[in-house]
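**Student:** Below is the file structure.txt, with compact mmCIF, C-alpha atoms and all ligand atoms.
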```
# COMPACT_ATOMS: atom_id res chain seq x y z
CA MET A 1 0.00 0.00 0.00
CA LYS A 2 0.96 3.67 -0.24
CA ALA A 3 1.71 5.82 2.80
CA LEU A 4 3.48 8.97 3.94
CA THR A 5 6.71 8.38 5.82
CA LEU A 6 9.37 10.62 7.30
CA ALA A 7 12.69 9.84 5.61
CA GLU A 8 14.46 12.44 7.78
CA PRO A 9 13.38 15.64 9.53
CA GLY A 10 11.71 17.92 6.99
CA ARG A 11 11.43 15.24 4.29
CA VAL A 12 8.07 13.48 3.92
CA GLU A 13 7.86 10.73 1.30
CA TYR A 14 4.94 9.01 -0.41
CA GLN A 15 6.06 5.42 -0.72
CA ASP A 16 5.13 1.75 -0.80
CA VAL A 17 5.04 0.05 2.59
CA ALA A 18 3.85 -3.37 3.77
CA ASP A 19 0.09 -3.79 4.29
CA PRO A 20 -0.98 -4.08 7.94
CA GLU A 21 -2.58 -7.29 9.20
CA ILE A 22 -4.85 -8.26 12.09
CA LEU A 23 -2.51 -9.28 14.94
CA ASP A 24 -4.90 -9.47 17.92
CA SER A 25 -8.53 -10.42 18.38
CA THR A 26 -9.33 -6.82 19.42
CA ASP A 27 -7.84 -5.29 16.23
CA VAL A 28 -9.64 -3.62 13.35
CA LEU A 29 -8.16 -2.94 9.92
CA LEU A 30 -9.36 0.29 8.38
CA ARG A 31 -9.33 1.29 4.75
CA VAL A 32 -8.48 4.96 5.31
CA THR A 33 -10.52 7.46 3.28
CA HIS A 34 -9.37 10.71 4.91
CA SER A 35 -6.44 11.75 7.03
CA ALA A 36 -5.14 15.18 8.05
CA ILE A 37 -1.97 16.95 9.08
CA CYS A 38 -1.92 18.11 12.70
CA GLY A 39 0.17 20.64 14.60
CA SER A 40 1.67 17.80 16.61
CA ASP A 41 2.79 16.14 13.36
CA LEU A 42 5.07 19.15 12.95
CA HIS A 43 6.98 18.14 16.10
CA ALA A 44 7.82 14.89 14.32
CA TYR A 45 8.47 16.73 11.04
CA HIS A 46 11.06 18.92 12.76
CA GLY A 47 12.81 16.00 14.41
CA ARG A 48 11.70 16.87 17.95
CA ILE A 49 10.30 13.37 18.57
CA GLN A 50 12.81 10.55 18.91
CA GLY A 51 12.18 7.05 17.62
CA ILE A 52 10.41 7.74 14.32
CA GLU A 53 11.63 5.18 11.81
CA PRO A 54 11.95 5.84 8.10
CA GLY A 55 9.63 3.61 6.10
CA VAL A 56 6.88 3.53 8.76
CA PRO A 57 3.68 5.51 8.09
CA ILE A 58 3.20 8.76 10.04
CA GLY A 59 0.02 10.65 10.98
CA HIS A 60 -2.71 10.09 13.57
CA GLU A 61 -5.95 11.70 12.33
CA TYR A 62 -8.23 9.48 10.27
CA VAL A 63 -11.58 8.38 8.96
CA GLY A 64 -11.88 4.96 7.40
CA ILE A 65 -14.10 2.02 6.58
CA VAL A 66 -13.87 -1.13 8.71
CA ASP A 67 -12.31 -3.65 6.35
CA ALA A 68 -11.49 -6.54 8.71
CA LEU A 69 -11.90 -7.17 12.41
CA GLY A 70 -10.84 -9.57 15.13
CA LYS A 71 -13.34 -11.87 16.85
CA ASP A 72 -13.45 -9.81 20.06
CA VAL A 73 -14.48 -6.53 18.42
CA HIS A 74 -18.12 -5.70 19.20
CA ASN A 75 -18.66 -1.94 18.86
CA VAL A 76 -18.05 -1.65 15.11
CA ALA A 77 -18.88 -3.89 12.16
CA LEU A 78 -17.55 -4.53 8.67
CA GLY A 79 -18.30 -1.59 6.38
CA ASP A 80 -18.83 0.94 9.20
CA ARG A 81 -17.50 4.45 8.58
CA VAL A 82 -15.51 5.35 11.69
CA THR A 83 -13.02 7.75 13.17
CA GLY A 84 -11.04 7.27 16.35
CA SER A 85 -8.71 8.54 18.99
CA PHE A 86 -5.13 9.43 18.03
CA PHE A 87 -4.03 6.97 20.72
CA VAL A 88 -5.33 3.52 21.58
CA ALA A 89 -6.40 2.41 25.08
CA CYS A 90 -7.21 -1.11 26.25
CA GLY A 91 -10.49 -0.30 28.01
CA HIS A 92 -9.96 -2.62 30.99
CA CYS A 93 -6.78 -1.69 32.91
CA TRP A 94 -6.88 0.26 36.22
CA ALA A 95 -6.77 3.64 34.44
CA CYS A 96 -9.24 2.72 31.68
CA ARG A 97 -11.78 1.37 34.21
CA ARG A 98 -11.77 4.85 35.79
CA GLY A 99 -12.08 6.60 32.43
CA TYR A 100 -8.45 7.83 32.35
CA PHE A 101 -7.89 6.38 28.87
CA SER A 102 -4.91 8.62 28.10
CA GLN A 103 -3.16 7.00 31.07
CA CYS A 104 -3.88 3.42 29.90
CA ALA A 105 -1.19 0.92 30.90
CA VAL A 106 -0.65 0.07 27.22
CA VAL A 107 -1.44 3.47 25.67
CA ALA A 108 0.11 3.83 22.21
CA LEU A 109 0.00 6.65 19.68
CA PHE A 110 -0.37 6.31 15.92
CA GLY A 111 2.53 7.53 13.83
CA PHE A 112 4.89 8.91 16.48
CA GLY A 113 7.47 6.16 16.53
CA ARG A 114 8.71 3.55 18.99
CA ARG A 115 8.93 5.71 22.10
CA LEU A 116 5.26 6.68 21.92
CA GLY A 117 3.88 3.22 21.36
CA GLY A 118 5.16 2.33 17.93
CA LEU A 119 1.86 2.10 16.03
CA ALA A 120 2.08 2.69 12.29
CA GLY A 121 0.45 5.99 11.31
CA THR A 122 -2.79 6.83 9.55
CA GLN A 123 -1.51 8.87 6.59
CA ALA A 124 -1.73 5.59 4.73
CA GLU A 125 -4.18 3.58 2.66
CA ARG A 126 -4.74 1.12 5.49
CA VAL A 127 -4.09 1.09 9.22
CA ARG A 128 -4.32 -1.44 12.04
CA VAL A 129 -6.28 -0.16 15.06
CA PRO A 130 -5.62 -2.16 18.25
CA HIS A 131 -8.22 -2.11 21.07
CA ALA A 132 -10.77 -1.00 18.51
CA ASP A 133 -13.77 -1.09 20.87
CA THR A 134 -12.31 1.70 23.03
CA THR A 135 -10.49 3.57 20.27
CA LEU A 136 -13.06 3.88 17.46
CA ILE A 137 -16.38 5.69 17.14
CA LYS A 138 -18.91 5.40 14.31
CA LEU A 139 -19.76 8.46 12.25
CA PRO A 140 -23.47 9.27 12.09
CA ASP A 141 -24.71 9.46 8.48
CA ASN A 142 -25.13 13.24 8.65
CA VAL A 143 -21.53 13.92 9.72
CA PRO A 144 -19.20 14.37 6.73
CA SER A 145 -15.90 12.51 6.87
CA GLU A 146 -13.87 15.74 6.69
CA THR A 147 -15.36 17.13 9.89
CA GLY A 148 -15.77 13.72 11.53
CA LEU A 149 -12.04 13.15 11.41
CA LEU A 150 -11.53 16.13 13.73
CA VAL A 151 -13.33 14.19 16.49
CA GLY A 152 -10.36 11.83 16.86
CA ASP A 153 -8.04 14.61 17.93
CA ILE A 154 -8.40 18.36 17.74
CA LEU A 155 -12.16 18.74 18.33
CA SER A 156 -11.95 16.42 21.31
CA THR A 157 -8.84 18.28 22.44
CA ALA A 158 -10.79 21.55 22.29
CA TYR A 159 -13.63 20.03 24.33
CA PHE A 160 -11.20 18.55 26.85
CA VAL A 161 -9.21 21.74 27.48
CA VAL A 162 -12.22 24.07 27.56
CA ASP A 163 -13.90 21.70 30.02
CA ARG A 164 -10.75 21.63 32.16
CA ALA A 165 -10.54 25.43 32.05
CA GLN A 166 -13.82 25.25 34.01
CA VAL A 167 -15.62 27.68 31.71
CA ARG A 168 -18.97 28.71 33.23
CA PRO A 169 -21.95 30.41 31.56
CA GLY A 170 -21.29 34.14 31.29
CA ASP A 171 -17.50 33.86 31.56
CA SER A 172 -14.91 35.95 29.74
CA VAL A 173 -12.59 33.40 28.18
CA CYS A 174 -9.15 34.01 26.70
CA VAL A 175 -7.75 31.61 24.08
CA VAL A 176 -4.04 32.12 23.39
CA GLY A 177 -3.25 30.89 19.87
CA ALA A 178 -5.56 30.93 16.83
CA GLY A 179 -4.26 27.92 14.96
CA PRO A 180 -6.67 25.03 14.29
CA VAL A 181 -6.92 23.99 17.96
CA GLY A 182 -7.22 27.59 19.17
CA LEU A 183 -10.00 28.33 16.68
CA LEU A 184 -11.90 25.22 17.74
CA CYS A 185 -11.42 26.27 21.39
CA VAL A 186 -13.08 29.61 20.55
CA GLU A 187 -16.10 27.75 19.14
CA MET A 188 -16.15 25.32 22.06
CA ALA A 189 -15.87 28.09 24.67
CA PHE A 190 -19.10 29.61 23.34
CA ILE A 191 -20.78 26.19 23.52
CA PHE A 192 -19.68 25.94 27.16
CA GLY A 193 -21.42 29.26 27.78
CA ALA A 194 -18.75 31.94 27.43
CA ALA A 195 -20.23 35.43 27.15
CA GLU A 196 -17.13 36.69 25.34
CA VAL A 197 -13.95 35.13 24.02
CA PHE A 198 -10.64 36.91 23.45
CA SER A 199 -8.42 35.34 20.80
CA VAL A 200 -4.70 36.15 21.02
CA ASP A 201 -2.35 35.51 18.10
CA LEU A 202 0.45 37.17 16.15
CA VAL A 203 -0.90 36.29 12.68
CA ALA A 204 -3.51 38.73 11.33
CA SER A 205 -5.25 36.19 9.06
CA ARG A 206 -5.74 33.82 11.99
CA LEU A 207 -7.20 36.61 14.12
CA GLN A 208 -9.64 37.36 11.30
CA GLN A 209 -10.80 33.75 11.41
CA ALA A 210 -11.26 33.98 15.18
CA GLU A 211 -13.20 37.22 14.76
CA ALA A 212 -15.50 35.52 12.25
CA LEU A 213 -16.33 33.02 15.02
CA GLY A 214 -17.34 35.87 17.32
CA ALA A 215 -14.09 36.30 19.25
CA ARG A 216 -12.45 39.63 20.04
CA PRO A 217 -9.05 39.67 18.30
CA ILE A 218 -6.01 40.66 20.38
CA ILE A 219 -2.56 41.02 18.83
CA GLY A 220 -0.16 38.81 20.79
CA GLY A 221 2.85 40.20 22.61
CA ALA A 222 3.74 42.14 25.71
CA ASP A 223 0.54 44.20 25.72
CA ALA A 224 -1.99 41.39 25.13
CA ALA A 225 -2.69 40.59 28.79
CA ARG A 226 -2.99 44.28 29.67
CA GLN A 227 -5.59 44.75 26.91
CA ILE A 228 -7.60 41.80 28.21
CA ARG A 229 -7.55 43.16 31.75
CA ARG A 230 -8.68 46.53 30.43
CA MET A 231 -11.66 44.86 28.74
CA THR A 232 -12.60 42.90 31.89
CA GLN A 233 -12.87 45.77 34.37
CA GLY A 234 -9.23 45.26 35.31
CA ARG A 235 -9.72 41.66 36.46
CA GLY A 236 -8.45 39.44 33.66
CA ALA A 237 -10.17 36.50 31.98
CA ASP A 238 -12.26 34.05 34.02
CA ALA A 239 -10.75 31.09 32.19
CA VAL A 240 -7.73 30.87 29.91
CA ILE A 241 -6.79 28.29 27.29
CA GLU A 242 -3.23 28.02 26.01
CA ALA A 243 -3.33 26.55 22.50
CA VAL A 244 0.22 27.08 21.27
CA GLY A 245 2.58 25.00 23.38
CA SER A 246 5.34 27.55 24.00
CA ALA A 247 6.78 29.23 27.07
CA GLU A 248 5.86 32.64 25.68
CA ALA A 249 2.22 31.66 25.12
CA LEU A 250 1.97 30.13 28.60
CA LYS A 251 3.33 33.36 30.07
CA VAL A 252 0.69 35.44 28.25
CA ALA A 253 -1.99 32.96 29.35
CA MET A 254 -1.00 33.28 33.02
CA GLN A 255 -0.84 37.08 32.80
CA ALA A 256 -4.30 37.24 31.19
CA ALA A 257 -5.94 35.15 33.94
CA ARG A 258 -7.87 36.73 36.81
CA GLY A 259 -7.34 35.61 40.37
CA PHE A 260 -8.60 32.06 41.03
CA ALA A 261 -8.81 31.35 37.28
CA THR A 262 -7.77 28.09 35.66
CA VAL A 263 -5.20 28.13 32.86
CA SER A 264 -5.74 25.02 30.75
CA ALA A 265 -2.99 24.12 28.30
CA ALA A 266 -3.72 22.28 25.06
CA GLY A 267 -0.33 22.90 23.52
CA VAL A 268 2.04 19.98 23.06
CA TYR A 269 5.18 20.73 25.06
CA THR A 270 8.25 18.86 23.89
CA GLU A 271 10.67 20.72 26.16
CA SER A 272 11.64 18.89 29.35
CA ALA A 273 11.23 22.10 31.39
CA LEU A 274 9.61 25.52 30.91
CA PRO A 275 10.18 28.67 32.94
CA ILE A 276 6.83 29.48 34.54
CA SER A 277 6.20 31.95 37.31
CA MET A 278 5.03 29.95 40.32
CA GLY A 279 5.12 33.26 42.22
CA ARG A 280 2.37 34.55 39.96
CA ALA A 281 0.42 31.30 40.24
CA PHE A 282 0.71 31.60 44.05
CA SER A 283 -0.25 35.25 44.38
CA GLN A 284 -3.14 34.93 41.88
CA ASP A 285 -4.39 31.57 43.22
CA LEU A 286 -4.16 30.13 39.72
CA THR A 287 -4.85 26.55 38.77
CA ILE A 288 -2.58 25.38 35.94
CA ARG A 289 -3.63 22.31 33.97
CA ALA A 290 -1.99 20.55 31.06
CA GLY A 291 -2.58 17.26 29.41
CA MET A 292 -3.05 15.02 26.45
CA ALA A 293 -6.76 15.02 25.58
CA ASN A 294 -8.62 12.04 27.04
CA VAL A 295 -10.29 11.50 23.67
CA PRO A 296 -12.33 8.29 24.23
CA ALA A 297 -13.91 9.90 27.32
CA VAL A 298 -15.26 12.88 25.36
CA PHE A 299 -15.60 11.87 21.71
CA GLY A 300 -19.20 10.75 22.12
CA ALA A 301 -20.21 14.21 23.34
CA VAL A 302 -18.23 15.90 20.57
CA MET A 303 -19.83 13.68 17.93
CA ALA A 304 -23.28 14.54 19.29
CA LEU A 305 -22.51 18.28 18.99
CA LEU A 306 -21.46 17.74 15.36
CA SER A 307 -24.40 15.54 14.50
CA GLN A 308 -26.90 17.97 16.06
CA GLY A 309 -25.43 20.89 14.13
CA ARG A 310 -24.11 22.73 17.19
CA LEU A 311 -20.50 22.73 15.97
CA HIS A 312 -19.34 23.95 12.55
CA PRO A 313 -15.61 23.29 12.42
CA GLU A 314 -15.32 23.12 8.61
CA HIS A 315 -13.99 26.71 8.57
CA ILE A 316 -10.57 25.49 9.68
CA PHE A 317 -9.92 23.52 6.48
CA SER A 318 -7.88 25.50 4.00
CA HIS A 319 -6.55 22.73 1.75
CA GLN A 320 -7.64 19.32 0.51
CA LEU A 321 -4.92 17.27 -1.16
CA PRO A 322 -4.54 13.67 -2.28
CA LEU A 323 -2.31 11.56 -0.03
CA ALA A 324 0.28 11.49 -2.83
CA ASP A 325 0.77 15.25 -2.34
CA GLY A 326 1.27 14.90 1.41
CA ALA A 327 4.78 16.35 1.34
CA GLN A 328 3.38 19.56 -0.14
CA GLY A 329 0.71 19.58 2.57
CA TYR A 330 3.34 19.41 5.31
CA HIS A 331 5.31 22.20 3.68
CA LEU A 332 2.25 24.49 3.38
CA PHE A 333 1.19 23.83 6.96
CA ASP A 334 4.70 24.30 8.31
CA GLN A 335 4.99 27.64 6.47
CA HIS A 336 1.63 28.84 7.92
CA GLN A 337 0.22 28.90 4.38
CA ALA A 338 -2.44 26.38 5.38
CA THR A 339 -4.70 26.33 8.45
CA LYS A 340 -5.65 22.68 8.20
CA VAL A 341 -4.81 20.21 5.45
CA VAL A 342 -7.08 17.24 4.86
CA LEU A 343 -5.61 14.36 2.85
CA THR A 344 -7.92 12.23 0.73
CA VAL A 345 -6.87 8.62 0.46
CA GLY A 346 -7.71 6.05 -2.18
CA PRO A 347 -9.87 6.36 -5.29
ZN ZN B 1 -3.54 15.67 15.85
ZN ZN B 2 -6.14 0.58 29.58
```
As structure tokens, please, write out the structure in this file.
**Tutor:**
Amino acid sequence: MKALTLAEPGRVEYQDVADPEILDSTDVLLRVTHSAICGSDLHAYHGRIQGIEPGVPIGHEYVGIVDALGKDVHNVALGDRVTGSFFVACGHCWACRRGYFSQCAVVALFGFGRRLGGLAGTQAERVRVPHADTTLIKLPDNVPSETGLLVGDILSTAYFVVDRAQVRPGDSVCVVGAGPVGLLCVEMAFIFGAAEVFSVDLVASRLQQAEALGARPIIGGADAARQIRRMTQGRGADAVIEAVGSAEALKVAMQAARGFATVSAAGVYTESALPISMGRAFSQDLTIRAGMANVPAVFGAVMALLSQGRLHPEHIFSHQLPLADGAQGYHLFDQHQATKVVLTVGP
């Protein structure tokens, strides 16, 4: 089959790789119809994730058709159109029984190499999905594949971090970063009841997109937090979401938060340590939260919002390319010339 692989940092290849096979009774094989390029794929692209092997498919966002399944798979059937979490979880270990799927004893990510579980990625014509009953979710007929694939990662991430920011009806919410995840957090914050949302970014075109969703655009930088305080009677935002994954963005997020606020970080941090002001967290009584989205715990709710027409995330797609042009997709996304690239797979 054909797949995208990472020959070396910065060089994505479209090449022939071995077809996956069913290895366990809880596996599903998917014929992938759509994949996408994610901000976290750029960490791999830039060589910041160790253990990615050349010749192994990359990518972790997907929609596909169930093509084969092991005898212990019960939640999906042959021919079902499904999406799924970017990581797999067993569903029955200590953590899974408590709903902490991201902390599963055998958690493994698609397409991020040996150190993160070693599963072959989804930017491929076919993919093996272990622990399919926990990992996959069916797409309702009225949910298009392009938007449905966002449920497996960034839409569920938006739900997870906005929920963990403890957004309450009537709140002023600040979202730092207006990339794909930040934009979806703006939409999600309104669903959680935000009265107003401030969107902070350095890129004017991204701020325009946030504004189109009803957010107040704030140019990032030293003055951003001061502007937000000025617009909240001097207090700061009731809840803050950090959707970049950098020390600078986290600093702005903490400065924009009012006393007793929660700062909820969606960004993927690859640094081993970040300078953060615990003095500020102490004096402002801040709660700081970070974490990999617990996708299987929330994807049912996210799918319901999509299916009922409450969420309209299609605005984040800027490019649709065939899998064969994946290298171009990575380049465009890396250069900020694309907001979100969807890859169509197969005929
Ligand atoms: Zn992703
Ligand atoms: Zn588990």
**Student:** Output the neighbourhood of ligand ZN 2 (chain B) as a PDB file with C-alpha atoms, keeping the file's coordinate frame, that is, all protein and nucleic acid residues with some atom at most 10 Å from the ligand, counting only C-alpha atoms and all ligand atoms.
**Tutor:**
```pdb
ATOM      1  CA  VAL A  88      -5.330   3.520  21.580  1.00  0.00           C
ATOM      2  CA  ALA A  89      -6.400   2.410  25.080  1.00  0.00           C
ATOM      3  CA  CYS A  90      -7.210  -1.110  26.250  1.00  0.00           C
ATOM      4  CA  GLY A  91     -10.490  -0.300  28.010  1.00  0.00           C
ATOM      5  CA  HIS A  92      -9.960  -2.620  30.990  1.00  0.00           C
ATOM      6  CA  CYS A  93      -6.780  -1.690  32.910  1.00  0.00           C
ATOM      7  CA  TRP A  94      -6.880   0.260  36.220  1.00  0.00           C
ATOM      8  CA  ALA A  95      -6.770   3.640  34.440  1.00  0.00           C
ATOM      9  CA  CYS A  96      -9.240   2.720  31.680  1.00  0.00           C
ATOM     10  CA  ARG A  97     -11.780   1.370  34.210  1.00  0.00           C
ATOM     11  CA  ARG A  98     -11.770   4.850  35.790  1.00  0.00           C
ATOM     12  CA  GLY A  99     -12.080   6.600  32.430  1.00  0.00           C
ATOM     13  CA  TYR A 100      -8.450   7.830  32.350  1.00  0.00           C
ATOM     14  CA  PHE A 101      -7.890   6.380  28.870  1.00  0.00           C
ATOM     15  CA  SER A 102      -4.910   8.620  28.100  1.00  0.00           C
ATOM     16  CA  GLN A 103      -3.160   7.000  31.070  1.00  0.00           C
ATOM     17  CA  CYS A 104      -3.880   3.420  29.900  1.00  0.00           C
ATOM     18  CA  ALA A 105      -1.190   0.920  30.900  1.00  0.00           C
ATOM     19  CA  VAL A 106      -0.650   0.070  27.220  1.00  0.00           C
ATOM     20  CA  VAL A 107      -1.440   3.470  25.670  1.00  0.00           C
ATOM     21  CA  HIS A 131      -8.220  -2.110  21.070  1.00  0.00           C
ATOM     22  CA  THR A 134     -12.310   1.700  23.030  1.00  0.00           C
TER      23      THR A 134
END
```
**Student:** Select, from A:Ser35, A:Ser40, A:Gln320, A:Gln123, the residue with the minimum atom-to-atom distance to Leu6 of chain A, counting all atoms listed in the file.
**Tutor:**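 Nearest to Leu6 of chain A: A:Gln123.
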**Student:** Have a look at A:Glu271, A:Asp72, A:Asp153, A:Asp24 and name the one nearest to ligand ZN 1 (chain B); count all atoms listed in the file.
**Tutor:** A:Asp153
**Student:** Which one of A:Ser85, A:Thr262, A:Thr287, A:Asn75 sits closest to ligand ZN 1 (chain B) if you count only C-alpha atoms and all ligand atoms?
**Tutor:**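 Closest to ligand ZN 1 (chain B), using only C-alpha atoms and all ligand atoms: A:Ser85.
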**Student:** Which polymer residues have any atom within 10 Å of an atom of Pro313 of chain A, counting all atoms listed in the file, with same-chain residues fewer than 2 positions away left out, as a CSV table (one decimal) with C-alpha atoms, in the coordinates of the input?
**Tutor:**
```
chain,number,residue,atom,x,y,z
A,146,GLU,CA,-13.9,15.7,6.7
A,147,THR,CA,-15.4,17.1,9.9
A,148,GLY,CA,-15.8,13.7,11.5
A,150,LEU,CA,-11.5,16.1,13.7
A,155,LEU,CA,-12.2,18.7,18.3
A,180,PRO,CA,-6.7,25.0,14.3
A,183,LEU,CA,-10.0,28.3,16.7
A,184,LEU,CA,-11.9,25.2,17.7
A,187,GLU,CA,-16.1,27.8,19.1
A,188,MET,CA,-16.2,25.3,22.1
A,306,LEU,CA,-21.5,17.7,15.4
A,310,ARG,CA,-24.1,22.7,17.2
A,311,LEU,CA,-20.5,22.7,16.0
A,315,HIS,CA,-14.0,26.7,8.6
A,316,ILE,CA,-10.6,25.5,9.7
A,317,PHE,CA,-9.9,23.5,6.5
```
**Student:** When distances are computed from all atoms listed in the file, which of A:Ala108, A:Ala178, A:Ala249, A:Val73 shows the smallest separation from Ala212 of chain A?
**Tutor:**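 Comparing A:Ala108, A:Ala178, A:Ala249, A:Val73 against Ala212 of chain A, the winner is A:Ala178.
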